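The file upload19.csv comes next; it holds CSV, C-alpha atoms.
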chain,number,residue,atom,x,y,z
A,667,PHE,CA,-7.4,-3.8,19.2
A,668,ALA,CA,-4.2,-5.4,17.9
A,669,VAL,CA,-2.7,-4.6,14.5
A,670,VAL,CA,-0.9,-7.6,13.1
A,671,GLU,CA,1.2,-7.4,9.9
A,672,MET,CA,1.1,-10.6,7.9
A,673,GLY,CA,4.1,-10.9,5.7
A,674,MET,CA,4.8,-13.8,3.4
A,675,ARG,CA,7.3,-15.1,0.9
A,676,GLY,CA,5.3,-18.1,-0.3
A,677,ARG,CA,1.9,-19.7,-0.5
A,678,GLY,CA,0.3,-20.9,2.7
A,679,GLU,CA,2.1,-18.5,5.0
A,680,ILE,CA,-0.6,-15.9,5.4
A,681,MET,CA,-3.3,-18.6,5.8
A,682,GLU,CA,-1.2,-20.1,8.7
A,683,VAL,CA,-0.8,-16.7,10.4
A,684,ALA,CA,-4.5,-15.9,9.9
A,685,SER,CA,-5.5,-19.1,11.7
A,686,ILE,CA,-3.4,-17.9,14.6
A,687,ALA,CA,-4.5,-14.2,14.7
A,688,GLU,CA,-8.2,-14.8,13.9
A,689,PRO,CA,-8.6,-11.3,12.4
A,690,GLN,CA,-11.9,-9.5,12.5
A,691,VAL,CA,-10.8,-6.9,9.9
A,692,GLY,CA,-8.5,-7.8,7.1
A,693,VAL,CA,-6.7,-5.1,5.0
A,694,ILE,CA,-4.9,-5.8,1.7
A,695,THR,CA,-3.3,-2.6,0.4
A,696,ASN,CA,-1.6,-3.7,-2.8
A,697,VAL,CA,-0.5,-6.5,-5.1
A,698,GLY,CA,2.8,-5.8,-6.6
A,699,THR,CA,5.9,-7.8,-7.6
A,700,ALA,CA,7.6,-8.4,-4.3
A,701,HIS,CA,8.8,-12.0,-4.1
A,702,ILE,CA,7.8,-12.7,-7.7
A,703,GLY,CA,11.0,-14.7,-8.0
A,704,ARG,CA,9.6,-17.2,-5.5
A,705,LEU,CA,5.9,-17.1,-6.5
A,706,GLY,CA,6.3,-16.8,-10.2
A,707,SER,CA,3.6,-14.3,-11.2
A,708,ARG,CA,1.6,-11.3,-9.9
A,709,LYS,CA,-1.5,-13.6,-10.0
A,710,ALA,CA,0.2,-16.0,-7.6
A,711,ILE,CA,1.1,-13.1,-5.3
A,712,ALA,CA,-2.5,-11.9,-5.3
A,713,GLU,CA,-3.7,-15.4,-4.5
A,714,ALA,CA,-1.2,-15.7,-1.6
A,715,LYS,CA,-2.3,-12.3,-0.2
A,716,CYS,CA,-6.0,-13.2,-0.5
A,717,GLU,CA,-5.3,-16.2,1.8
A,718,LEU,CA,-6.1,-13.5,4.5
A,719,LEU,CA,-9.7,-13.5,3.2
A,720,GLU,CA,-9.9,-17.2,3.1
A,721,GLY,CA,-8.6,-17.3,6.7
A,722,MET,CA,-11.2,-14.9,7.8
A,723,ARG,CA,-13.9,-16.9,6.0
A,724,ALA,CA,-12.8,-20.0,7.9
A,725,GLY,CA,-12.2,-18.3,11.2
A,726,PRO,CA,-14.4,-17.8,14.3
A,727,HIS,CA,-15.4,-14.2,13.2
A,728,SER,CA,-16.5,-15.2,9.7
A,729,GLU,CA,-20.1,-13.8,10.2
A,730,THR,CA,-18.9,-10.3,11.2
A,731,ALA,CA,-15.4,-10.1,9.6
A,732,VAL,CA,-14.9,-7.1,7.2
A,733,ALA,CA,-12.3,-6.9,4.4
A,734,ILE,CA,-10.7,-3.6,3.4
A,735,LEU,CA,-9.5,-3.7,-0.2
A,736,ASN,CA,-7.7,-1.3,-2.5
A,737,ALA,CA,-10.1,-0.9,-5.4
A,738,ASP,CA,-7.4,0.9,-7.4
A,739,ASN,CA,-5.6,-2.5,-7.8
A,740,GLU,CA,-7.6,-4.4,-10.4
A,741,LEU,CA,-5.8,-7.7,-9.9
A,742,LEU,CA,-6.4,-7.6,-6.2
A,743,MET,CA,-10.1,-7.0,-6.7
A,744,GLU,CA,-10.4,-9.7,-9.3
A,745,THR,CA,-8.6,-12.3,-7.1
A,746,ALA,CA,-10.4,-11.3,-4.0
A,747,ALA,CA,-13.8,-11.8,-5.7
A,748,ALA,CA,-13.1,-15.5,-6.1
A,749,VAL,CA,-12.9,-16.0,-2.3
A,750,TRP,CA,-14.8,-13.1,-0.7
A,751,PRO,CA,-18.1,-11.2,-1.3
A,752,VAL,CA,-16.4,-8.0,-2.4
A,753,HIS,CA,-19.6,-6.4,-3.6
A,754,ASP,CA,-21.4,-6.8,-0.2
A,755,PRO,CA,-21.1,-3.5,1.7
A,756,ALA,CA,-21.6,-5.3,5.0
A,757,LYS,CA,-18.6,-7.5,4.3
A,758,THR,CA,-16.2,-5.3,2.3
A,759,ILE,CA,-15.1,-1.7,2.2
A,760,THR,CA,-13.3,-0.8,-1.0
A,761,TYR,CA,-11.2,2.3,-1.0
A,762,GLY,CA,-9.0,4.2,-3.5
A,763,LEU,CA,-7.8,7.5,-5.0
A,764,GLU,CA,-9.6,6.6,-8.2
A,765,ARG,CA,-12.1,3.8,-7.4
A,766,GLY,CA,-13.9,2.4,-4.4
A,767,ARG,CA,-16.8,3.1,-2.1
A,768,LEU,CA,-14.5,5.2,0.1
A,769,ARG,CA,-12.8,7.7,-2.1
A,770,GLY,CA,-9.9,10.0,-1.3
A,771,GLU,CA,-8.4,13.0,-3.2
A,772,LEU,CA,-4.9,14.0,-2.5
A,773,THR,CA,-4.4,17.8,-2.8
A,774,THR,CA,-1.1,19.5,-3.7
A,775,GLU,CA,-0.9,20.7,0.0
A,776,GLY,CA,-0.7,17.1,1.2
A,777,CYS,CA,-4.3,16.9,2.4
A,778,LEU,CA,-6.4,13.9,1.8
A,779,LEU,CA,-10.0,14.9,1.2
A,780,VAL,CA,-12.5,12.2,2.4
A,781,ASP,CA,-16.2,13.0,2.3
A,782,GLY,CA,-15.3,16.7,2.4
A,783,VAL,CA,-13.0,16.4,5.4
A,784,CYS,CA,-9.3,17.4,5.0
A,785,LEU,CA,-7.0,14.9,6.6
A,786,PRO,CA,-3.3,15.8,6.8
A,787,VAL,CA,-1.2,12.9,5.4
A,788,PRO,CA,1.9,12.4,7.6
A,789,LEU,CA,4.0,11.0,4.7
A,790,PRO,CA,4.5,12.4,1.2
A,791,GLY,CA,3.4,10.6,-2.0
A,792,ALA,CA,0.2,9.2,-3.4
A,793,HIS,CA,1.2,5.7,-2.3
A,794,ASN,CA,1.3,6.8,1.3
A,795,ALA,CA,-2.0,8.7,0.9
A,796,SER,CA,-3.6,5.4,-0.3
A,797,ASN,CA,-2.3,3.6,2.8
A,798,PHE,CA,-3.6,6.4,5.0
A,799,LEU,CA,-7.0,6.0,3.3
A,800,ALA,CA,-6.9,2.3,4.2
A,801,ALA,CA,-6.5,3.2,7.8
A,802,VAL,CA,-9.5,5.5,7.5
A,803,ALA,CA,-11.5,2.6,6.1
A,804,VAL,CA,-10.5,0.5,9.1
A,805,ALA,CA,-11.7,3.2,11.5
A,806,ARG,CA,-15.0,3.3,9.7
A,807,ALA,CA,-15.4,-0.4,9.8
A,808,LEU,CA,-14.9,-0.3,13.6
A,809,SER,CA,-17.2,2.7,14.0
A,810,LEU,CA,-14.3,4.9,15.3
A,811,PRO,CA,-14.5,8.7,15.0
A,812,TRP,CA,-12.1,9.0,12.0
A,813,THR,CA,-12.9,12.7,11.4
A,814,ARG,CA,-10.8,13.5,14.5
A,815,LEU,CA,-7.8,12.8,12.3
A,816,ALA,CA,-8.4,16.2,10.7
A,817,ALA,CA,-7.1,18.0,13.9
A,818,ALA,CA,-4.4,15.4,14.8
A,819,GLN,CA,-0.7,16.1,14.8
A,820,MET,CA,0.6,12.8,13.4
A,821,THR,CA,4.1,11.6,13.0
A,822,VAL,CA,5.2,8.3,11.6
A,823,ASP,CA,8.4,6.5,12.2
A,824,VAL,CA,8.8,4.5,9.0
A,825,GLY,CA,12.2,3.0,9.9
A,826,ASP,CA,15.5,3.2,8.1
A,827,GLY,CA,15.3,3.1,4.3
A,828,ARG,CA,11.6,3.8,4.1
A,829,CYS,CA,10.6,7.1,2.6
A,830,ARG,CA,13.0,9.0,4.9
A,831,GLN,CA,13.8,12.6,4.0
A,832,GLN,CA,16.9,14.4,5.1
A,833,ARG,CA,17.8,18.0,4.4
A,834,LEU,CA,21.5,18.5,3.6
A,835,ALA,CA,23.7,21.6,3.1
A,836,GLY,CA,22.8,23.8,0.2
A,837,GLY,CA,19.1,23.1,0.3
A,838,VAL,CA,19.6,19.5,-0.9
A,839,VAL,CA,16.8,17.0,0.0
A,840,LEU,CA,17.9,13.4,0.3
A,841,LEU,CA,15.2,10.8,-0.2
A,842,ASP,CA,16.2,7.4,1.4
A,843,GLU,CA,14.2,4.5,0.0
A,844,THR,CA,16.9,1.9,0.2
A,845,TYR,CA,15.1,-0.8,2.2
A,846,ASN,CA,14.6,-3.9,0.0
A,847,ALA,CA,13.6,-1.9,-3.1
A,848,GLY,CA,11.1,-3.3,-5.6
A,849,PRO,CA,9.6,-2.0,-8.8
A,850,GLU,CA,6.6,-0.4,-7.0
A,851,SER,CA,8.6,1.3,-4.3
A,852,MET,CA,11.2,2.4,-6.9
A,853,ALA,CA,8.5,4.0,-9.0
A,854,ALA,CA,6.9,5.7,-6.0
A,855,ALA,CA,10.2,7.1,-4.9
A,856,LEU,CA,11.0,8.4,-8.4
A,857,LYS,CA,7.6,10.1,-8.6
A,858,LEU,CA,8.3,11.7,-5.2
A,859,LEU,CA,11.7,12.8,-6.4
A,860,ALA,CA,10.2,14.4,-9.5
A,861,LYS,CA,8.5,16.9,-7.1
A,862,HIS,CA,11.8,18.0,-5.5
A,863,ARG,CA,14.6,20.2,-6.9
A,864,ASP,CA,17.7,21.5,-5.3
A,865,GLN,CA,18.7,25.2,-5.7
A,866,GLY,CA,20.2,24.4,-9.1
A,867,GLY,CA,17.1,22.7,-10.3
A,868,ARG,CA,18.6,19.2,-10.4
A,869,ARG,CA,17.2,15.9,-9.5
A,870,ILE,CA,19.5,12.9,-9.2
A,871,ALA,CA,18.4,9.3,-8.7
A,872,VAL,CA,20.9,6.8,-7.4
A,873,LEU,CA,19.4,3.3,-8.2
A,874,GLY,CA,20.7,-0.1,-7.3
A,875,ARG,CA,19.6,-3.6,-8.5
A,876,MET,CA,16.4,-5.2,-7.3
A,877,GLY,CA,16.5,-8.7,-5.9
A,878,GLU,CA,14.0,-11.7,-5.7
A,879,LEU,CA,12.6,-11.0,-9.2
A,880,GLY,CA,13.6,-14.3,-10.8
A,881,SER,CA,12.9,-14.6,-14.5
A,882,HIS,CA,11.1,-11.3,-14.4
A,883,SER,CA,14.2,-9.3,-13.5
A,884,VAL,CA,15.0,-7.8,-16.9
A,885,GLU,CA,11.4,-6.9,-17.6
A,886,LEU,CA,10.9,-5.2,-14.2
A,887,HIS,CA,14.3,-3.4,-14.2
A,888,THR,CA,13.3,-2.1,-17.7
A,889,SER,CA,9.9,-0.9,-16.3
A,890,VAL,CA,11.8,1.2,-13.7
A,891,GLY,CA,13.9,2.6,-16.5
A,892,ARG,CA,10.7,3.8,-18.3
A,893,VAL,CA,9.6,5.6,-15.1
A,894,VAL,CA,13.0,7.3,-15.0
A,895,ARG,CA,12.6,8.4,-18.6
A,896,GLU,CA,9.1,9.8,-18.0

Would you put the structure from the file into structure tokens?
Amino acid sequence: FAVVEMGMRGRGEIMEVASIAEPQVGVITNVGTAHIGRLGSRKAIAEAKCELLEGMRAGPHSETAVAILNADNELLMETAAAVWPVHDPAKTITYGLERGRLRGELTTEGCLLVDGVCLPVPLPGAHNASNFLAAVAVARALSLPWTRLAAAQMTVDVGDGRCRQQRLAGGVVLLDETYNAGPESMAAALKLLAKHRDQGGRRIAVLGRMGELGSHSVELHTSVGRVVRE
């Protein structure tokens, strides 16, 4: 199997890449606000991401292709339903920590419980547990023995600026989430920070501006401020 990430900054880009890759399994993990300055709205972002489903429907594997969709994202599910049979269990596996056919529960010990099986999540945070659950859904779609993950020793190299943790002198934990921050990644990082304290009980967030938000910039920076206050 090949795993192909399909990035986009505008409409038509995922459709073009899908026509080249001809995917048999398509995964959409989230619809957020990345590139909203170019696309104009979250609905437009959702439609651009769902071009993956349209590409699968038009591709050579249309009869057997399976979509893996995050049921916790209501806008994604609503948009996908317009172009794909999201309620057909033979064509779609929905997953989520709150909704979906494949449900996961993240414990305080960093274990993702799926059908009674404890899977150790290699990265902290509910957002990473959700992504891990998407991978489990892919394994199930391909009839792979996903329960073996319970005994696996997994490490993930996320790259610079992506959920990196460094332990500094004095028991300080530095969370590095500086790569192209957006409202969703900011909120996820802040929630992760809320679970950490140094020896003095402090938690300090150093936040910069977020780009590519267009006319939504003030609104979305304000939304991050609300997360900080909470």

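Counting from CA of Gly676 (chain A), the distance to CA of Ala748 (chain A) is 19.5 Å.
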
(request) Give me, please, the distance in Å between CA of Pro689 (chain A) and CA of Ile759 (chain A), quoted to one decimal. (result) 15.4 Å

Using only C-alpha atoms, which residues sit within 8 Å of Val749 (chain A) once same-chain residues fewer than 3 positions away are excluded, as an mmCIF file with C-alpha atoms, in the coordinates of the input?
data_model
loop_
_atom_site.group_PDB
_atom_site.id
_atom_site.type_symbol
_atom_site.label_atom_id
_atom_site.label_comp_id
_atom_site.auth_asym_id
_atom_site.auth_seq_id
_atom_site.Cartn_x
_atom_site.Cartn_y
_atom_site.Cartn_z
ATOM 1 C CA CYS A 716 -6.000 -13.200 -0.500
ATOM 2 C CA LEU A 719 -9.700 -13.500 3.200
ATOM 3 C CA GLU A 720 -9.900 -17.200 3.100
ATOM 4 C CA THR A 745 -8.600 -12.300 -7.100
ATOM 5 C CA ALA A 746 -10.400 -11.300 -4.000
#

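Nearest to Arg868 (chain A) of all the residues A:Arg723, A:Val838, A:Gly827, A:Val683 is A:Val838, counting only C-alpha atoms.
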
Mind checking which residues fall within 12 Å of Met743 (chain A), counting all atoms listed in the file, ignoring those fewer than 4 positions away in the same chain, and posting them as a compact mmCIF listing (two decimals) with C-alpha atoms, in the frame of the given file?
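Result written to part_23.txt:
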# COMPACT_ATOMS: atom_id res chain seq x y z
CA ILE A 694 -4.90 -5.80 1.70
CA THR A 695 -3.30 -2.60 0.40
CA ASN A 696 -1.60 -3.70 -2.80
CA VAL A 697 -0.50 -6.50 -5.10
CA LYS A 709 -1.50 -13.60 -10.00
CA ALA A 712 -2.50 -11.90 -5.30
CA GLU A 713 -3.70 -15.40 -4.50
CA LYS A 715 -2.30 -12.30 -0.20
CA CYS A 716 -6.00 -13.20 -0.50
CA LEU A 719 -9.70 -13.50 3.20
CA ALA A 733 -12.30 -6.90 4.40
CA ILE A 734 -10.70 -3.60 3.40
CA LEU A 735 -9.50 -3.70 -0.20
CA ASN A 736 -7.70 -1.30 -2.50
CA ALA A 737 -10.10 -0.90 -5.40
CA ASP A 738 -7.40 0.90 -7.40
CA ASN A 739 -5.60 -2.50 -7.80
CA ALA A 747 -13.80 -11.80 -5.70
CA ALA A 748 -13.10 -15.50 -6.10
CA VAL A 749 -12.90 -16.00 -2.30
CA TRP A 750 -14.80 -13.10 -0.70
CA PRO A 751 -18.10 -11.20 -1.30
CA VAL A 752 -16.40 -8.00 -2.40
CA HIS A 753 -19.60 -6.40 -3.60
CA THR A 758 -16.20 -5.30 2.30
CA ILE A 759 -15.10 -1.70 2.20
CA THR A 760 -13.30 -0.80 -1.00
CA TYR A 761 -11.20 2.30 -1.00
CA GLY A 762 -9.00 4.20 -3.50
CA ARG A 765 -12.10 3.80 -7.40
CA GLY A 766 -13.90 2.40 -4.40

I'd like the contact shell of Thr844 (chain A) - 12 Å cut-off, only C-alpha atoms, skipping same-chain residues fewer than 2 positions apart - returned as a CSV table (one decimal) with C-alpha atoms, in the frame of the given file.
chain,number,residue,atom,x,y,z
A,825,GLY,CA,12.2,3.0,9.9
A,826,ASP,CA,15.5,3.2,8.1
A,827,GLY,CA,15.3,3.1,4.3
A,828,ARG,CA,11.6,3.8,4.1
A,829,CYS,CA,10.6,7.1,2.6
A,830,ARG,CA,13.0,9.0,4.9
A,831,GLN,CA,13.8,12.6,4.0
A,840,LEU,CA,17.9,13.4,0.3
A,841,LEU,CA,15.2,10.8,-0.2
A,842,ASP,CA,16.2,7.4,1.4
A,846,ASN,CA,14.6,-3.9,0.0
A,847,ALA,CA,13.6,-1.9,-3.1
A,848,GLY,CA,11.1,-3.3,-5.6
A,851,SER,CA,8.6,1.3,-4.3
A,852,MET,CA,11.2,2.4,-6.9
A,855,ALA,CA,10.2,7.1,-4.9
A,871,ALA,CA,18.4,9.3,-8.7
A,872,VAL,CA,20.9,6.8,-7.4
A,873,LEU,CA,19.4,3.3,-8.2
A,874,GLY,CA,20.7,-0.1,-7.3
A,875,ARG,CA,19.6,-3.6,-8.5
A,876,MET,CA,16.4,-5.2,-7.3

(message) List as a list of chain:residue names the protein and nucleic acid residues near Met681 (chain A), meaning an atom at most 7 Å away when only C-alpha atoms are counted, but skip any in the same chain fewer than 2 places from it.
(response) A:Gly678, A:Glu679, A:Val683, A:Ala684, A:Ser685, A:Glu717, A:Leu718, A:Gly721

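The two atoms in question, CA of Ala818 (chain A) and CA of Met672 (chain A), are spaced 27.5 Å apart.
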
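Distance annotation: of A:Val804, A:Val780, A:Ala792, A:Val894, the residue with the minimal separation from Ala731 (chain A) is A:Val804; atom set is all atoms listed in the file.
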
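Nearest to Glu771 (chain A) of all the residues A:Ala756, A:Leu785, A:Val884, A:Leu815 is A:Leu785, based on only C-alpha atoms.
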
(request) Rank nothing, just name the residue among A:Val783, A:Leu768, A:Ala687, A:Ala816 nearest to Gly725 (chain A), using all atoms listed in the file. (result) A:Ala687

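Nearest residue to Gly673 (chain A), choosing from A:Ile711, A:Leu789, A:Ala800, A:Val691 and counting only C-alpha atoms: A:Ile711.
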
Need the neighbours of (-9.8, 12.1, 14.0): which residues are at most 12 Å away, counting all atoms listed in the file, as an mmCIF file with C-alpha atoms, in the frame of the given file?
data_model
loop_
_atom_site.group_PDB
_atom_site.id
_atom_site.type_symbol
_atom_site.label_atom_id
_atom_site.label_comp_id
_atom_site.auth_asym_id
_atom_site.auth_seq_id
_atom_site.Cartn_x
_atom_site.Cartn_y
_atom_site.Cartn_z
ATOM 1 C CA VAL A 780 -12.500 12.200 2.400
ATOM 2 C CA VAL A 783 -13.000 16.400 5.400
ATOM 3 C CA CYS A 784 -9.300 17.400 5.000
ATOM 4 C CA LEU A 785 -7.000 14.900 6.600
ATOM 5 C CA PRO A 786 -3.300 15.800 6.800
ATOM 6 C CA ALA A 801 -6.500 3.200 7.800
ATOM 7 C CA VAL A 802 -9.500 5.500 7.500
ATOM 8 C CA ALA A 805 -11.700 3.200 11.500
ATOM 9 C CA ARG A 806 -15.000 3.300 9.700
ATOM 10 C CA SER A 809 -17.200 2.700 14.000
ATOM 11 C CA LEU A 810 -14.300 4.900 15.300
ATOM 12 C CA PRO A 811 -14.500 8.700 15.000
ATOM 13 C CA TRP A 812 -12.100 9.000 12.000
ATOM 14 C CA THR A 813 -12.900 12.700 11.400
ATOM 15 C CA ARG A 814 -10.800 13.500 14.500
ATOM 16 C CA LEU A 815 -7.800 12.800 12.300
ATOM 17 C CA ALA A 816 -8.400 16.200 10.700
ATOM 18 C CA ALA A 817 -7.100 18.000 13.900
ATOM 19 C CA ALA A 818 -4.400 15.400 14.800
ATOM 20 C CA GLN A 819 -0.700 16.100 14.800
ATOM 21 C CA MET A 820 0.600 12.800 13.400
#

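Closest approach to Val732 (chain A) among A:Thr699, A:Gln832, A:Gln690, A:Thr773: A:Gln690, based on all atoms listed in the file.
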